[in-house]
Amino acid sequence: MTDFNYDQTLHLKQLLPQDAIEEIDHWITKYPPERKRPPIIAALKVVQDHHDNYLTEELMQAVAEYLDVPHVAVYEVATFYSMFHLNKVGKYVISVCNNISCSLRGADKVIDHLQNRLNIRVGDTTSDGLYTVKTVECMAACGGAPMLEVNKQYHENLTEEKIDQILSDIAAIELNKANQEALSDSDKEDS
Amino acid sequence: MANEVCFRTLHLDTPWSLEAYESVGGYSSLKKIIAGELTHDKIIDELKLSALRGRGGAGFPTGLKWSFMPRNMPGQKYVVCNSDEGEPGTFKDRDILRYNPHQLIEGMIIAGYVMNATVGYNYMRGEFYEPFERMEAAIAEAHAKKYLGQNILGSDFCFELYNHMGAGAYICGEETALIESLEGKKGQPRFKPPFPANYGVFGRPTNVNNTESYASVPSILENGGQWFLDLGKPNNGGTKIFSVSGHVNNPGNFEINMGTPFKALLDMAGGVLGGKALKAVIPGGSSSPILPAETMMDITMDYDAIGKAGSMLGSGAVMVLDETTCIVELAAVTAHFYYEESCGQCTPCREGTGWMSRVIHRILKGEGRMEDLDNLDRVAGNIMGRTICALGDAAAMPVQGFLKHYRHEFEYMIEHKRSLVKG
């Protein structure tokens with residue numbers, strides 16, 4: 001925080017694609033026009049989604065400028081709510097519930113299996129920057145315990161096989177993306 | 001019979017669609033209102049007769065709450081739905097939002113009509129992306145049919161409904177914290193009074209109800225308050241959705257008549273997992289004190305019976321524990337939760353939840369002392385009633401409950417440095 005230079009404000013419109021700005025603008029319309037703070041949570045979520053799942057001081061300042069609220073108003077929201085990450089995290093954040101119902105149904109085993117498969121501890125990020133594993137409190141899906149969330153998606157009634165499937169699905173998506181990028185790169189070289 | 005109220009579309013193909021909801025009688029109460037057949041006073045009378053009590057956990061009579069709203073006060077008033085479902089063990093509102101969103105929407109429109117409010121907010125917890133999509137689609141459908149928006153069904157009644165989302169904070173389920181959060185701030189509860197009915201969202205009169213409470217209203221108005229009351233028992237009207245989880249073969253939501261014996265609910269949930277013996281039940285979310293099996297097997301599921309047995313019906317989250325459950329471990333999970341989720345505003349809760357969590361974890365590590373147990377009880381007692389909101393009480397009550405019924409398990413672990421149950 002101490003190194004932060006408030007003169008170098010980044011502007012949200014330069015940081016986000018147009019559709020993300022439109023999404024924030026839509027949230028703004030839901031509240032009385034004289035109220036500037038209600039869209040802060042939604043705006044921070046949009047920004048976090050477009051910035052590798054985490055927020056920085058500069059991004060919070062840009063949100064404050066865009067919504068015309070004091071920087072501290074955004075900062076206190078970003079630091080209060082658990083869905084905001086203030087440090088770099090993986091592209092896929094795996095949130096494992098270890099509250100009562102999930103722990104009764106084997107949340108510990110879920111955590112162990114993920115730690116073994118990804119070779120990290122809870123709270124850490126894999127060295128390739130792909131996965132972060134964290135534990136979270138009850139996510140209102142106790143009927144499907146044990147459960148976890150990968151970014152915005154719930155996965156319930158977990159077994160080791162199911163967890164392996166989730167990880168291999170993600171790996172397939174990533175491989176596909178890498179192939180497509182390589183393909184478009186070679187297209188460029190050809191032309 | 002099950003699934004008669006909030007889950008009445010559940011047997012249909014696309015239970016969340018407008019078509020499905022209308023096929024079971026949905027939006028007929030709204031049409032009656034627009035036709036002038038249902039007045040403000042009549043609606044409140046029916047709700048009072050129905051004995052519908054707040055489904056979020058507090059159990060306050062909904063009709064009475066609605067009557068507190070200063071309907072004739074000039075200026076904006078708000079109707080807010082608390083879909084910040086976060087009480088550990090509770091997962092019913094998520095299913096109402098996903099499978100019968102229109103019934104919630106109609107309930108909120110009716111509330112708007114009764115309270116002369118033209119704007120409503122549905123506050124959903126931040127992780128509810130799937131329910132959010134369903135709600136957004138349902139609101140669009142209702143708009144297209146003129147059930148929502150300007151000049152509803154050609155009348156001069158207007159009501160706009162917006163979905164709002166949180167970002168991960170249990171405390172925002174407390175109604176004044178929810179209001180703060182809706183205003184874009186940290187979710188720290190407000191001192192009461194003034195109550196939200198006088199000073200709520202943006203300083204305006206506001207009515208906050210739980211998702212299941214609003215969603216019960218259309219059925220009550222269609223069938224009458226007496227019908228709803230008769231489904232349950234006096235002072236405990238209607239059906240209630242019980243979220244059954246933990247050690248059962250068939251966990252899930254069960255919408256059943258208030259006053260159904262616990263035994264019958266346990267059977268619906270397939271009995272205890274793997275045929276093991278029942279040890280205890282946490283009957284109303286993690287804030288409610290634990291009740292031993294022998295107590296549970298004798299009681300019915302309603303506010304008064306569970307209250308009399310020394311716990312609470314709460315949000316209807318029934319967590320079933322089999323004979324292999326170590327109560328000290330359970331207490332550690334519970335205490336840690338409240339420590340994590342205390343908003344930090346009031347000293348007794350901020351400090352006390354941390355103390356309780358650390359002491360229980362110390363016992364779990366085999367480093368406990370006998371005097372820890374009295375200390376735990378004392379810390380819990382010093383939090384109770386000394387905080388702005390009920391989170392303090394919610395943190396203290398389960399710890400006191402664990403100590404009351406299972407003190408010997410704590411003593412065993414302190415003495416032998418291992419679990420009485422797990423060895």
# chains A, B, ... in the order shown; residues from 1 in each chain; ligands from 1

call {"tool": "interface_residues", "arguments": {"of": "chain B", "to": "chain A", "cutoff": "9 Å", "atoms": "only C-alpha atoms", "output": "ChimeraX atom specification"}}
result
/B:85-94,121,125-130,161-170,181-187,202,243-247,250-253,286,319-321,325,330,333-334,337,340-341,343

call {"tool": "residues_around", "arguments": {"residues": "Val272 of chain B", "least_positions_apart": "6", "cutoff": "8 Å", "atoms": "only C-alpha atoms", "output": "ChimeraX atom specification"}}
result
/B:247-249,266,278,320,322

call {"tool": "select_by_dssp", "arguments": {"residues": "segment 44-125 of chain A", "states": "alpha helix (DSSP H)", "output": "compact mmCIF listing (two decimals) with N, CA and C atoms, in the first residue's frame"}}
result
# COMPACT_ATOMS: atom_id res chain seq x y z
N LEU A 44 -16.68 -4.63 -8.55
CA LEU A 44 -15.44 -5.33 -8.18
C LEU A 44 -15.43 -6.77 -8.69
N LYS A 45 -16.62 -7.40 -8.66
CA LYS A 45 -16.68 -8.78 -9.17
C LYS A 45 -16.38 -8.82 -10.66
N VAL A 46 -16.94 -7.88 -11.41
CA VAL A 46 -16.68 -7.84 -12.85
C VAL A 46 -15.19 -7.61 -13.10
N VAL A 47 -14.61 -6.67 -12.37
CA VAL A 47 -13.20 -6.37 -12.55
C VAL A 47 -12.34 -7.59 -12.21
N GLN A 48 -12.67 -8.24 -11.10
CA GLN A 48 -11.89 -9.42 -10.69
C GLN A 48 -11.97 -10.53 -11.75
N ASP A 49 -13.17 -10.72 -12.31
CA ASP A 49 -13.34 -11.73 -13.37
C ASP A 49 -12.44 -11.45 -14.57
N GLU A 57 -4.59 -2.68 -5.82
CA GLU A 57 -4.86 -1.31 -5.38
C GLU A 57 -5.29 -0.43 -6.57
N GLU A 58 -4.55 -0.58 -7.65
CA GLU A 58 -4.82 0.26 -8.82
C GLU A 58 -6.22 -0.02 -9.37
N LEU A 59 -6.61 -1.29 -9.38
CA LEU A 59 -7.93 -1.63 -9.90
C LEU A 59 -9.02 -1.07 -8.99
N MET A 60 -8.80 -1.17 -7.68
CA MET A 60 -9.80 -0.62 -6.75
C MET A 60 -9.94 0.88 -6.96
N GLN A 61 -8.80 1.55 -7.16
CA GLN A 61 -8.82 2.99 -7.39
C GLN A 61 -9.59 3.31 -8.68
N ALA A 62 -9.39 2.47 -9.69
CA ALA A 62 -10.08 2.70 -10.97
C ALA A 62 -11.59 2.53 -10.80
N VAL A 63 -11.99 1.55 -9.98
CA VAL A 63 -13.42 1.35 -9.71
C VAL A 63 -13.97 2.57 -8.97
N ALA A 64 -13.21 3.05 -7.99
CA ALA A 64 -13.64 4.22 -7.21
C ALA A 64 -13.84 5.43 -8.13
N GLU A 65 -12.89 5.60 -9.03
CA GLU A 65 -13.00 6.74 -9.94
C GLU A 65 -14.22 6.59 -10.84
N TYR A 66 -14.42 5.36 -11.35
CA TYR A 66 -15.52 5.14 -12.29
C TYR A 66 -16.88 5.35 -11.62
N LEU A 67 -17.00 4.89 -10.37
CA LEU A 67 -18.29 5.00 -9.67
C LEU A 67 -18.43 6.33 -8.93
N HIS A 71 -11.93 6.26 -2.58
CA HIS A 71 -11.14 5.03 -2.70
C HIS A 71 -11.41 4.10 -1.52
N VAL A 72 -11.51 4.69 -0.32
CA VAL A 72 -11.68 3.87 0.88
C VAL A 72 -13.00 3.09 0.85
N ALA A 73 -14.01 3.66 0.19
CA ALA A 73 -15.31 2.97 0.11
C ALA A 73 -15.15 1.65 -0.66
N VAL A 74 -14.35 1.67 -1.69
CA VAL A 74 -14.10 0.46 -2.47
C VAL A 74 -13.18 -0.48 -1.71
N TYR A 75 -12.15 0.11 -1.09
CA TYR A 75 -11.18 -0.70 -0.36
C TYR A 75 -11.82 -1.47 0.79
N GLU A 76 -12.73 -0.81 1.51
CA GLU A 76 -13.34 -1.50 2.66
C GLU A 76 -14.25 -2.65 2.20
N VAL A 77 -14.89 -2.49 1.06
CA VAL A 77 -15.71 -3.57 0.52
C VAL A 77 -14.80 -4.73 0.06
N ALA A 78 -13.75 -4.39 -0.66
CA ALA A 78 -12.85 -5.43 -1.19
C ALA A 78 -12.19 -6.23 -0.08
N THR A 79 -11.93 -5.59 1.06
CA THR A 79 -11.26 -6.30 2.15
C THR A 79 -12.24 -7.01 3.08
N PHE A 80 -13.52 -6.68 3.01
CA PHE A 80 -14.50 -7.28 3.93
C PHE A 80 -15.04 -8.61 3.42
N ILE A 100 -19.91 -27.90 8.68
CA ILE A 100 -20.39 -29.10 9.38
C ILE A 100 -20.80 -30.24 8.44
N SER A 101 -21.79 -29.99 7.57
CA SER A 101 -22.33 -31.09 6.76
C SER A 101 -21.27 -31.68 5.85
N CYS A 102 -20.43 -30.80 5.26
CA CYS A 102 -19.39 -31.32 4.38
C CYS A 102 -18.33 -32.08 5.17
N SER A 103 -18.00 -31.62 6.36
CA SER A 103 -16.98 -32.37 7.11
C SER A 103 -17.54 -33.69 7.60
N LEU A 104 -18.86 -33.74 7.88
CA LEU A 104 -19.47 -35.03 8.25
C LEU A 104 -19.40 -36.02 7.09
N ALA A 107 -15.20 -33.96 3.84
CA ALA A 107 -14.48 -32.82 3.25
C ALA A 107 -12.96 -32.98 3.41
N ASP A 108 -12.53 -33.60 4.52
CA ASP A 108 -11.10 -33.81 4.74
C ASP A 108 -10.48 -34.63 3.62
N LYS A 109 -11.22 -35.65 3.19
CA LYS A 109 -10.71 -36.50 2.11
C LYS A 109 -10.62 -35.73 0.80
N VAL A 110 -11.60 -34.87 0.58
CA VAL A 110 -11.60 -34.03 -0.63
C VAL A 110 -10.36 -33.15 -0.63
N ILE A 111 -10.09 -32.52 0.52
CA ILE A 111 -8.94 -31.63 0.63
C ILE A 111 -7.64 -32.42 0.43
N ASP A 112 -7.54 -33.58 1.09
CA ASP A 112 -6.34 -34.42 0.93
C ASP A 112 -6.11 -34.79 -0.52
N HIS A 113 -7.19 -35.21 -1.17
CA HIS A 113 -7.05 -35.66 -2.56
C HIS A 113 -6.59 -34.51 -3.46
N LEU A 114 -7.19 -33.33 -3.26
CA LEU A 114 -6.78 -32.18 -4.07
C LEU A 114 -5.33 -31.81 -3.81
N GLN A 115 -4.95 -31.85 -2.54
CA GLN A 115 -3.55 -31.51 -2.20
C GLN A 115 -2.58 -32.48 -2.84
N ASN A 116 -2.97 -33.76 -2.83
CA ASN A 116 -2.09 -34.77 -3.44
C ASN A 116 -2.02 -34.62 -4.96
N ARG A 117 -3.20 -34.45 -5.56
CA ARG A 117 -3.24 -34.35 -7.03
C ARG A 117 -2.48 -33.14 -7.54
N LEU A 118 -2.65 -32.01 -6.84
CA LEU A 118 -2.06 -30.76 -7.33
C LEU A 118 -0.70 -30.47 -6.69

call {"tool": "closest_residue", "arguments": {"among": "B:Glu133, B:Tyr113, B:Cys172, B:Glu255", "to": "Leu148 of chain B", "atoms": "only C-alpha atoms"}}
result
B:Tyr113

call {"tool": "atom_distance", "arguments": {"atom1": "atom CA of Lys32 of chain B", "atom2": "atom CA of Gly54 of chain B"}}
result
24.7 Å

call {"tool": "closest_residue", "arguments": {"among": "B:Ile363, B:Ile290, B:Ala309, B:Ile34", "to": "Ile152 of chain B", "atoms": "only C-alpha atoms"}}
result
B:Ile34

call {"tool": "select_by_dssp", "arguments": {"residues": "segment 7-150 of chain B", "states": "strand (DSSP E)", "output": "list in words"}}
result
Tyr78, Val79, Val80, Cys81, Asn82, Ser83, Val119, Gly120, Tyr121, Asn122, Tyr123 and Met124 of chain B

call {"tool": "atom_distance", "arguments": {"atom1": "atom CA of Gly275 of chain B", "atom2": "atom CA of Thr239 of chain B"}}
result
28.2 Å

call {"tool": "residues_around", "arguments": {"residues": "Met370 of chain B", "least_positions_apart": "4", "cutoff": "12 Å", "atoms": "only C-alpha atoms", "output": "PDB file with all heavy atoms, in the first residue's frame"}}
result
ATOM      1  N   VAL B 359      -9.609 -22.194  22.154  1.00  0.00           N
ATOM      2  CA  VAL B 359      -9.645 -23.129  23.282  1.00  0.00           C
ATOM      3  C   VAL B 359     -10.092 -24.519  22.809  1.00  0.00           C
ATOM      4  O   VAL B 359      -9.488 -25.535  23.171  1.00  0.00           O
ATOM      5  CB  VAL B 359     -10.563 -22.595  24.410  1.00  0.00           C
ATOM      6  CG1 VAL B 359     -10.795 -23.679  25.456  1.00  0.00           C
ATOM      7  CG2 VAL B 359      -9.955 -21.359  25.049  1.00  0.00           C
ATOM      8  N   ILE B 360     -11.123 -24.563  21.964  1.00  0.00           N
ATOM      9  CA  ILE B 360     -11.596 -25.873  21.497  1.00  0.00           C
ATOM     10  C   ILE B 360     -10.532 -26.552  20.629  1.00  0.00           C
ATOM     11  O   ILE B 360     -10.290 -27.755  20.744  1.00  0.00           O
ATOM     12  CB  ILE B 360     -12.941 -25.754  20.745  1.00  0.00           C
ATOM     13  CG1 ILE B 360     -14.023 -25.206  21.696  1.00  0.00           C
ATOM     14  CG2 ILE B 360     -13.380 -27.119  20.208  1.00  0.00           C
ATOM     15  CD1 ILE B 360     -15.336 -24.884  21.025  1.00  0.00           C
ATOM     16  N   ARG B 362      -7.397 -26.141  20.934  1.00  0.00           N
ATOM     17  CA  ARG B 362      -6.337 -26.576  21.850  1.00  0.00           C
ATOM     18  C   ARG B 362      -6.694 -27.933  22.467  1.00  0.00           C
ATOM     19  O   ARG B 362      -5.857 -28.828  22.560  1.00  0.00           O
ATOM     20  CB  ARG B 362      -6.169 -25.506  22.932  1.00  0.00           C
ATOM     21  CG  ARG B 362      -5.051 -25.784  23.917  1.00  0.00           C
ATOM     22  CD  ARG B 362      -4.749 -24.528  24.712  1.00  0.00           C
ATOM     23  NE  ARG B 362      -5.764 -24.275  25.729  1.00  0.00           N
ATOM     24  CZ  ARG B 362      -5.941 -23.085  26.322  1.00  0.00           C
ATOM     25  NH1 ARG B 362      -5.229 -22.044  25.950  1.00  0.00           N
ATOM     26  NH2 ARG B 362      -6.858 -22.934  27.258  1.00  0.00           N
ATOM     27  N   ILE B 363      -7.944 -28.064  22.869  1.00  0.00           N
ATOM     28  CA  ILE B 363      -8.394 -29.344  23.441  1.00  0.00           C
ATOM     29  C   ILE B 363      -8.229 -30.453  22.397  1.00  0.00           C
ATOM     30  O   ILE B 363      -7.751 -31.546  22.686  1.00  0.00           O
ATOM     31  CB  ILE B 363      -9.867 -29.243  23.913  1.00  0.00           C
ATOM     32  CG1 ILE B 363      -9.985 -28.237  25.058  1.00  0.00           C
ATOM     33  CG2 ILE B 363     -10.400 -30.614  24.339  1.00  0.00           C
ATOM     34  CD1 ILE B 363     -11.411 -27.903  25.446  1.00  0.00           C
ATOM     35  N   GLY B 366      -4.979 -31.999  22.054  1.00  0.00           N
ATOM     36  CA  GLY B 366      -4.492 -32.725  23.224  1.00  0.00           C
ATOM     37  C   GLY B 366      -3.797 -31.834  24.233  1.00  0.00           C
ATOM     38  O   GLY B 366      -3.069 -32.304  25.093  1.00  0.00           O
ATOM     39  N   ASP B 374     -14.973 -24.730  31.899  1.00  0.00           N
ATOM     40  CA  ASP B 374     -15.699 -23.649  32.566  1.00  0.00           C
ATOM     41  C   ASP B 374     -15.432 -22.324  31.869  1.00  0.00           C
ATOM     42  O   ASP B 374     -16.325 -21.472  31.755  1.00  0.00           O
ATOM     43  CB  ASP B 374     -15.287 -23.565  34.046  1.00  0.00           C
ATOM     44  CG  ASP B 374     -15.905 -24.705  34.849  1.00  0.00           C
ATOM     45  OD1 ASP B 374     -16.921 -25.265  34.379  1.00  0.00           O
ATOM     46  OD2 ASP B 374     -15.363 -25.053  35.913  1.00  0.00           O
ATOM     47  N   ASN B 375     -14.191 -22.158  31.412  1.00  0.00           N
ATOM     48  CA  ASN B 375     -13.867 -20.925  30.676  1.00  0.00           C
ATOM     49  C   ASN B 375     -14.706 -20.785  29.411  1.00  0.00           C
ATOM     50  O   ASN B 375     -15.208 -19.713  29.101  1.00  0.00           O
ATOM     51  CB  ASN B 375     -12.379 -20.898  30.315  1.00  0.00           C
ATOM     52  CG  ASN B 375     -11.526 -20.436  31.479  1.00  0.00           C
ATOM     53  OD1 ASN B 375     -12.015 -19.739  32.374  1.00  0.00           O
ATOM     54  ND2 ASN B 375     -10.254 -20.820  31.487  1.00  0.00           N
ATOM     55  N   LEU B 376     -14.831 -21.897  28.699  1.00  0.00           N
ATOM     56  CA  LEU B 376     -15.630 -21.879  27.468  1.00  0.00           C
ATOM     57  C   LEU B 376     -17.056 -21.453  27.765  1.00  0.00           C
ATOM     58  O   LEU B 376     -17.627 -20.602  27.079  1.00  0.00           O
ATOM     59  CB  LEU B 376     -15.670 -23.282  26.851  1.00  0.00           C
ATOM     60  CG  LEU B 376     -14.626 -23.651  25.814  1.00  0.00           C
ATOM     61  CD1 LEU B 376     -14.887 -25.074  25.338  1.00  0.00           C
ATOM     62  CD2 LEU B 376     -14.648 -22.682  24.639  1.00  0.00           C
ATOM     63  N   ARG B 407     -20.423 -32.893  27.693  1.00  0.00           N
ATOM     64  CA  ARG B 407     -19.260 -32.444  28.457  1.00  0.00           C
ATOM     65  C   ARG B 407     -18.266 -33.592  28.680  1.00  0.00           C
ATOM     66  O   ARG B 407     -17.050 -33.395  28.640  1.00  0.00           O
ATOM     67  CB  ARG B 407     -19.724 -31.870  29.809  1.00  0.00           C
ATOM     68  CG  ARG B 407     -18.653 -31.064  30.524  1.00  0.00           C
ATOM     69  CD  ARG B 407     -19.179 -30.506  31.846  1.00  0.00           C
ATOM     70  NE  ARG B 407     -18.127 -29.834  32.572  1.00  0.00           N
ATOM     71  CZ  ARG B 407     -17.975 -28.509  32.588  1.00  0.00           C
ATOM     72  NH1 ARG B 407     -18.810 -27.733  31.939  1.00  0.00           N
ATOM     73  NH2 ARG B 407     -16.976 -27.968  33.253  1.00  0.00           N
ATOM     74  N   HIS B 408     -18.808 -34.791  28.848  1.00  0.00           N
ATOM     75  CA  HIS B 408     -17.928 -35.938  29.116  1.00  0.00           C
ATOM     76  C   HIS B 408     -16.980 -36.217  27.947  1.00  0.00           C
ATOM     77  O   HIS B 408     -15.865 -36.689  28.140  1.00  0.00           O
ATOM     78  CB  HIS B 408     -18.761 -37.184  29.445  1.00  0.00           C
ATOM     79  CG  HIS B 408     -19.680 -37.604  28.344  1.00  0.00           C
ATOM     80  ND1 HIS B 408     -20.862 -36.960  28.081  1.00  0.00           N
ATOM     81  CD2 HIS B 408     -19.579 -38.594  27.429  1.00  0.00           C
ATOM     82  CE1 HIS B 408     -21.459 -37.553  27.054  1.00  0.00           C
ATOM     83  NE2 HIS B 408     -20.706 -38.535  26.637  1.00  0.00           N
ATOM     84  N   GLU B 409     -17.387 -35.894  26.737  1.00  0.00           N
ATOM     85  CA  GLU B 409     -16.475 -36.120  25.595  1.00  0.00           C
ATOM     86  C   GLU B 409     -15.306 -35.144  25.623  1.00  0.00           C
ATOM     87  O   GLU B 409     -14.184 -35.491  25.243  1.00  0.00           O
ATOM     88  CB  GLU B 409     -17.232 -35.985  24.265  1.00  0.00           C
ATOM     89  CG  GLU B 409     -18.108 -37.186  23.967  1.00  0.00           C
ATOM     90  CD  GLU B 409     -18.570 -37.243  22.527  1.00  0.00           C
ATOM     91  OE1 GLU B 409     -17.865 -36.739  21.624  1.00  0.00           O
ATOM     92  OE2 GLU B 409     -19.667 -37.799  22.292  1.00  0.00           O
ATOM     93  N   PHE B 410     -15.601 -33.902  26.056  1.00  0.00           N
ATOM     94  CA  PHE B 410     -14.521 -32.920  26.199  1.00  0.00           C
ATOM     95  C   PHE B 410     -13.577 -33.350  27.317  1.00  0.00           C
ATOM     96  O   PHE B 410     -12.351 -33.305  27.163  1.00  0.00           O
ATOM     97  CB  PHE B 410     -15.104 -31.530  26.510  1.00  0.00           C
ATOM     98  CG  PHE B 410     -15.838 -30.887  25.355  1.00  0.00           C
ATOM     99  CD1 PHE B 410     -17.173 -31.189  25.089  1.00  0.00           C
ATOM    100  CD2 PHE B 410     -15.192 -29.967  24.530  1.00  0.00           C
ATOM    101  CE1 PHE B 410     -17.834 -30.590  24.037  1.00  0.00           C
ATOM    102  CE2 PHE B 410     -15.851 -29.364  23.478  1.00  0.00           C
ATOM    103  CZ  PHE B 410     -17.187 -29.677  23.223  1.00  0.00           C
ATOM    104  N   GLU B 411     -14.168 -33.768  28.435  1.00  0.00           N
ATOM    105  CA  GLU B 411     -13.339 -34.183  29.586  1.00  0.00           C
ATOM    106  C   GLU B 411     -12.454 -35.374  29.216  1.00  0.00           C
ATOM    107  O   GLU B 411     -11.276 -35.414  29.563  1.00  0.00           O
ATOM    108  CB  GLU B 411     -14.236 -34.546  30.781  1.00  0.00           C
ATOM    109  CG  GLU B 411     -14.891 -33.319  31.398  1.00  0.00           C
ATOM    110  CD  GLU B 411     -15.957 -33.665  32.447  1.00  0.00           C
ATOM    111  OE1 GLU B 411     -16.361 -34.848  32.555  1.00  0.00           O
ATOM    112  OE2 GLU B 411     -16.399 -32.728  33.128  1.00  0.00           O
ATOM    113  N   TYR B 412     -13.022 -36.297  28.481  1.00  0.00           N
ATOM    114  CA  TYR B 412     -12.259 -37.487  28.076  1.00  0.00           C
ATOM    115  C   TYR B 412     -11.068 -37.078  27.213  1.00  0.00           C
ATOM    116  O   TYR B 412      -9.950 -37.563  27.399  1.00  0.00           O
ATOM    117  CB  TYR B 412     -13.162 -38.463  27.310  1.00  0.00           C
ATOM    118  CG  TYR B 412     -12.495 -39.773  26.988  1.00  0.00           C
ATOM    119  CD1 TYR B 412     -12.613 -40.863  27.845  1.00  0.00           C
ATOM    120  CD2 TYR B 412     -11.719 -39.929  25.834  1.00  0.00           C
ATOM    121  CE1 TYR B 412     -11.989 -42.067  27.566  1.00  0.00           C
ATOM    122  CE2 TYR B 412     -11.092 -41.115  25.538  1.00  0.00           C
ATOM    123  CZ  TYR B 412     -11.234 -42.194  26.405  1.00  0.00           C
ATOM    124  OH  TYR B 412     -10.620 -43.383  26.130  1.00  0.00           O
ATOM    125  N   MET B 413     -11.333 -36.155  26.281  1.00  0.00           N
ATOM    126  CA  MET B 413     -10.244 -35.755  25.383  1.00  0.00           C
ATOM    127  C   MET B 413      -9.150 -34.998  26.140  1.00  0.00           C
ATOM    128  O   MET B 413      -7.957 -35.181  25.872  1.00  0.00           O
ATOM    129  CB  MET B 413     -10.775 -34.900  24.234  1.00  0.00           C
ATOM    130  CG  MET B 413      -9.736 -34.720  23.130  1.00  0.00           C
ATOM    131  SD  MET B 413     -10.342 -33.871  21.690  1.00  0.00           S
ATOM    132  CE  MET B 413     -11.206 -35.144  20.813  1.00  0.00           C
ATOM    133  N   ILE B 414      -9.549 -34.181  27.111  1.00  0.00           N
ATOM    134  CA  ILE B 414      -8.554 -33.441  27.898  1.00  0.00           C
ATOM    135  C   ILE B 414      -7.699 -34.437  28.702  1.00  0.00           C
ATOM    136  O   ILE B 414      -6.472 -34.347  28.740  1.00  0.00           O
ATOM    137  CB  ILE B 414      -9.242 -32.430  28.838  1.00  0.00           C
ATOM    138  CG1 ILE B 414      -9.870 -31.292  28.001  1.00  0.00           C
ATOM    139  CG2 ILE B 414      -8.253 -31.854  29.852  1.00  0.00           C
ATOM    140  CD1 ILE B 414     -10.791 -30.387  28.772  1.00  0.00           C
ATOM    141  N   GLU B 415      -8.360 -35.422  29.282  1.00  0.00           N
ATOM    142  CA  GLU B 415      -7.672 -36.370  30.131  1.00  0.00           C
ATOM    143  C   GLU B 415      -6.797 -37.351  29.339  1.00  0.00           C
ATOM    144  O   GLU B 415      -5.652 -37.609  29.678  1.00  0.00           O
ATOM    145  CB  GLU B 415      -8.703 -37.148  30.958  1.00  0.00           C
ATOM    146  CG  GLU B 415      -8.157 -37.655  32.283  1.00  0.00           C
ATOM    147  CD  GLU B 415      -9.261 -38.293  33.120  1.00  0.00           C
ATOM    148  OE1 GLU B 415     -10.386 -37.733  33.152  1.00  0.00           O
ATOM    149  OE2 GLU B 415      -9.010 -39.353  33.702  1.00  0.00           O
ATOM    150  N   HIS B 416      -7.375 -37.892  28.242  1.00  0.00           N
ATOM    151  CA  HIS B 416      -6.680 -38.962  27.508  1.00  0.00           C
ATOM    152  C   HIS B 416      -6.008 -38.515  26.222  1.00  0.00           C
ATOM    153  O   HIS B 416      -5.366 -39.310  25.544  1.00  0.00           O
ATOM    154  CB  HIS B 416      -7.662 -40.100  27.194  1.00  0.00           C
ATOM    155  CG  HIS B 416      -8.265 -40.729  28.408  1.00  0.00           C
ATOM    156  ND1 HIS B 416      -9.435 -40.290  28.970  1.00  0.00           N
ATOM    157  CD2 HIS B 416      -7.835 -41.750  29.190  1.00  0.00           C
ATOM    158  CE1 HIS B 416      -9.724 -41.013  30.025  1.00  0.00           C
ATOM    159  NE2 HIS B 416      -8.764 -41.907  30.193  1.00  0.00           N
ATOM    160  N   LYS B 417      -6.179 -37.264  25.857  1.00  0.00           N
ATOM    161  CA  LYS B 417      -5.586 -36.704  24.629  1.00  0.00           C
ATOM    162  C   LYS B 417      -6.022 -37.455  23.367  1.00  0.00           C
ATOM    163  O   LYS B 417      -5.268 -37.561  22.395  1.00  0.00           O
ATOM    164  CB  LYS B 417      -4.053 -36.671  24.730  1.00  0.00           C
ATOM    165  CG  LYS B 417      -3.566 -35.955  25.999  1.00  0.00           C
ATOM    166  CD  LYS B 417      -2.098 -35.654  25.953  1.00  0.00           C
ATOM    167  CE  LYS B 417      -1.616 -35.072  27.277  1.00  0.00           C
ATOM    168  NZ  LYS B 417      -2.435 -33.930  27.757  1.00  0.00           N
TER     169      LYS B 417
END
